[in-house]
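The next block is target-v5.cif, given as mmCIF, C-alpha atoms.
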```cif
data_data
loop_
_atom_site.label_atom_id
_atom_site.label_comp_id
_atom_site.auth_asym_id
_atom_site.auth_seq_id
_atom_site.Cartn_x
_atom_site.Cartn_y
_atom_site.Cartn_z
CA MET A 1 0.00 0.00 0.00
CA HIS A 2 1.16 3.55 -0.80
CA VAL A 3 0.34 6.35 1.66
CA SER A 4 0.69 10.09 2.02
CA THR A 5 -0.39 12.01 5.10
CA ALA A 6 -1.86 15.43 5.72
CA GLU A 7 -2.75 17.66 8.62
CA LEU A 8 -5.63 20.10 8.23
CA ILE A 9 -5.62 22.70 10.99
CA PHE A 10 -7.96 25.64 11.59
CA SER A 11 -6.53 28.88 12.97
CA ASP A 12 -9.11 31.01 14.75
CA VAL A 13 -6.58 33.87 14.86
CA ASN A 14 -6.95 34.57 11.13
CA ASN A 15 -9.94 32.33 10.28
CA GLU A 16 -7.78 30.27 7.97
CA TRP A 17 -7.30 26.58 7.25
CA ARG A 18 -3.78 25.26 6.77
CA LEU A 19 -3.27 21.97 4.94
CA ILE A 20 0.19 20.42 5.19
CA LYS A 21 0.62 17.35 3.01
CA ASN A 22 3.61 15.02 3.37
CA VAL A 23 4.43 12.92 0.30
CA PHE A 24 7.34 10.57 -0.34
CA THR A 25 9.83 12.43 -2.54
CA GLU A 26 10.26 9.58 -5.01
CA ASP A 27 6.47 9.27 -5.47
CA ILE A 28 5.78 12.96 -6.08
CA GLU A 29 8.78 13.30 -8.42
CA HIS A 30 7.49 10.31 -10.40
CA ALA A 31 4.01 11.89 -10.66
CA LEU A 32 5.43 15.28 -11.70
CA SER A 33 7.74 13.68 -14.27
CA LYS A 34 4.82 11.76 -15.76
CA MET A 35 2.65 14.90 -15.91
CA ASN A 36 5.46 17.10 -17.25
CA GLY A 37 6.79 14.65 -19.85
CA ASN A 38 10.36 14.78 -18.57
CA MET A 39 12.31 14.10 -15.38
CA VAL A 40 11.52 16.39 -12.44
CA LYS A 41 13.80 16.48 -9.38
CA LEU A 42 12.59 18.67 -6.52
CA GLU A 43 15.94 18.83 -4.72
CA GLU A 44 16.60 22.18 -6.39
CA ILE A 45 13.89 24.49 -5.09
CA ASN A 46 13.31 27.02 -7.87
CA PRO A 47 10.38 28.79 -9.58
CA LYS A 48 10.21 26.19 -12.39
CA ASN A 49 9.84 23.25 -9.98
CA GLN A 50 7.41 25.22 -7.80
CA GLU A 51 5.25 25.94 -10.88
CA ILE A 52 5.24 22.28 -11.97
CA LEU A 53 4.24 21.21 -8.45
CA LYS A 54 1.59 23.95 -8.31
CA ARG A 55 -0.02 22.68 -11.53
CA TYR A 56 -0.12 19.17 -10.09
CA ILE A 57 -1.63 20.33 -6.78
CA ILE A 58 -4.34 22.36 -8.55
CA SER A 59 -5.23 19.33 -10.70
CA LYS A 60 -5.43 16.96 -7.71
CA ILE A 61 -6.84 18.95 -4.77
CA LYS A 62 -10.22 20.65 -5.04
CA ILE A 63 -11.94 22.35 -2.11
CA HIS A 64 -15.66 23.17 -2.34
CA ASN A 65 -17.91 25.13 0.01
CA LYS A 66 -21.19 23.62 1.20
CA ASN A 67 -22.92 24.96 -1.96
CA GLY A 68 -20.40 23.27 -4.26
CA LYS A 69 -18.50 26.42 -5.26
CA LEU A 70 -14.72 26.01 -5.57
CA ILE A 71 -12.68 27.65 -2.81
CA ASP A 72 -9.44 29.30 -3.92
CA TYR A 73 -6.30 28.47 -2.00
CA ASP A 74 -2.74 29.72 -1.76
CA ILE A 75 0.12 27.30 -2.37
CA TYR A 76 3.28 27.95 -0.37
CA PRO A 77 6.83 26.95 -1.39
CA TYR A 78 7.43 23.26 -0.76
CA GLN A 79 9.89 21.90 1.78
CA TYR A 80 12.26 19.25 0.43
CA SER A 81 14.08 16.35 2.01
CA ARG A 82 15.41 13.20 0.35
CA GLU A 83 12.66 11.20 2.05
CA SER A 84 9.64 13.46 1.71
CA VAL A 85 8.24 16.72 0.40
CA ASP A 86 5.95 18.90 2.52
CA ILE A 87 3.33 20.82 0.60
CA GLU A 88 1.38 23.61 2.27
CA ILE A 89 -1.81 25.26 1.12
CA ARG A 90 -3.99 27.77 2.97
CA PHE A 91 -7.56 28.86 2.43
CA LYS A 92 -10.40 30.68 4.12
CA SER A 93 -13.66 28.88 4.67
CA LYS A 94 -16.47 28.40 7.09
CA LYS A 95 -16.31 25.16 8.98
CA ILE A 96 -18.34 23.22 6.40
CA PHE A 97 -16.59 22.28 3.17
CA ARG A 98 -15.52 19.29 1.06
CA ILE A 99 -12.03 18.26 0.05
CA GLN A 100 -11.35 16.17 -3.02
CA ASP A 101 -7.83 14.73 -2.93
CA GLU A 102 -6.64 12.60 -5.86
CA PHE A 103 -2.90 12.76 -5.15
CA LEU A 104 -0.93 9.90 -6.74
CA PHE A 105 -3.97 7.83 -7.82
CA GLU A 106 -2.68 7.93 -11.41
CA LEU A 107 0.41 6.02 -10.23
CA PHE A 108 -0.83 3.70 -7.50
CA LYS A 109 -4.27 2.10 -7.42
CA ASP A 110 -3.73 1.20 -3.75
CA HIS A 111 -2.74 4.73 -2.68
CA ARG A 112 -4.35 6.33 0.40
CA ASN A 113 -4.33 10.01 1.44
CA ILE A 114 -4.76 10.08 5.22
CA TYR A 115 -5.87 13.28 6.98
CA ALA A 116 -5.71 14.33 10.63
CA ILE A 117 -8.03 17.30 11.13
CA ARG A 118 -7.95 19.83 13.95
CA LYS A 119 -11.03 22.08 13.89
CA ASN A 120 -10.33 23.62 17.28
CA PRO A 121 -6.67 24.58 17.76
CA LYS A 122 -6.88 24.17 21.54
CA ASN A 123 -8.00 20.54 21.29
CA GLY A 124 -6.43 17.53 19.65
CA PHE A 125 -7.33 16.15 16.28
CA SER A 126 -11.10 15.97 16.02
CA GLN A 127 -11.57 14.08 12.80
CA HIS A 128 -9.65 11.62 10.66
CA GLU A 129 -10.36 10.96 7.00
CA MET A 130 -8.90 8.96 4.16
CA THR A 131 -9.26 9.16 0.40
CA ASN A 132 -8.65 6.31 -1.99
CA ILE A 133 -9.21 5.74 -5.70
CA ASN A 134 -12.90 4.83 -5.13
CA SER A 135 -13.65 7.57 -2.60
CA THR A 136 -11.79 10.83 -3.24
CA ILE A 137 -13.99 13.29 -1.30
CA PHE A 138 -14.66 13.91 2.39
CA MET A 139 -16.56 16.62 4.27
CA ILE A 140 -15.53 18.87 7.14
CA GLN A 141 -18.45 19.95 9.35
#
```
Show me, as structure tokens, the structure contained in the file I just sent.
Amino acid sequence: MHVSTAELIFSDVNNEWRLIKNVFTEDIEHALSKMNGNMVKLEEINPKNQEILKRYIISKIKIHNKNGKLIDYDIYPYQYSRESVDIEIRFKSKKIFRIQDEFLFELFKDHRNIYAIRKNPKNGFSQHEMTNINSTIFMIQ
């Protein structure tokens, strides 16, 4: 089984959600290379690699409000290590929305995206979710 993890944390200071996704470096580089048509190595953090990763993120993660309208999000520069890449996005939303996460499903049919969700920053994680190839969407309420 292939797995990537994510933390989704609400900040009541600025009414913002912060999604931090941790993906194995080899897996995300493989996906980006396949999408881009040539080898992508994220070790060198530069605007070109950030743009390639941004295109992939936008194609794989969709966030909808309770009425189904897409929610825009900001993508922050990725953090690289040989083992994994951390991807951070931030968005503003009420506490009811849906996330569609299709990361790496084009490579691995057994892939799972596992989320730990903290709706109240003072408490621990209040919800856990997982997406797979047959179920790519979950709701935050």
Q | Exercise: Lys66 (chain A) partners within 10 Å, all atoms listed in the file, chain neighbours under 5 positions left out, as an MDAnalysis selection string | A | chainID A and resid 93:98 139:141
Q: Let me know the residues the PyMOL selection byres ((chain A and resi 131-136) around 9) catches in the file above, as a ChimeraX atom specification.
A: /A:99-102,105-106,108-115,129-130,137-138
Q) Residues at most 12 Å from Asn38 (chain A), counting all atoms listed in the file, excluding those fewer than 6 positions away in the same chain, as an NGL selection string? A) :A and (29-32 or 52)
Q. Out of A:Asn15, A:Asn65, A:Asn120, A:Gln79, which residue has the shortest atom-to-atom distance to Asn49 (chain A) when counting all atoms listed in the file?
A. A:Gln79
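With distances restricted to all atoms listed in the file, A:Phe103 is the closest residue to Ile58 (chain A) from A:Asn36, A:Arg82, A:Ile20, A:Phe103.
Going from CA of Met35 (chain A) over to CA of Tyr56 (chain A), you cover 7.7 Å.
The coordinates place CA of Glu26 (chain A) at 28.5 Å from CA of Gln127 (chain A).
Our summary of the geometry notes that CA of Lys34 (chain A) is positioned 22.6 Å from CA of Ile89 (chain A).
For the residues A:Val3, A:Val23, A:Leu104, A:Leu8, ranking by smallest atom-to-atom distance to Phe91 (chain A) using only C-alpha atoms places A:Leu8 first.
Candidate residues A:Ile63, A:Val40, A:Ile45, A:Ile117 were compared for distance to Lys92 (chain A), and the nearest is A:Ile63, using only C-alpha atoms.
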Using all atoms listed in the file, which protein or nucleic acid residues come within 9 Å of Tyr76 (chain A)? Drop anything in the same chain fewer than 2 positions from it, and give the result as a compact mmCIF listing (two decimals) with C-alpha atoms, in the frame of the given file.
```txt
# COMPACT_ATOMS: atom_id res chain seq x y z
CA GLN A 50 7.41 25.22 -7.80
CA ASP A 74 -2.74 29.72 -1.76
CA TYR A 78 7.43 23.26 -0.76
CA ILE A 87 3.33 20.82 0.60
CA GLU A 88 1.38 23.61 2.27
CA ILE A 89 -1.81 25.26 1.12
CA ARG A 90 -3.99 27.77 2.97
```
Q: Would you kindly return, as a ChimeraX atom specification, each protein, DNA or RNA residue with an atom no farther than 8 Å from any atom of Phe24 (chain A), considering only C-alpha atoms and excluding same-chain residues fewer than 2 positions away?
A: /A:4,22,26-28,83-85
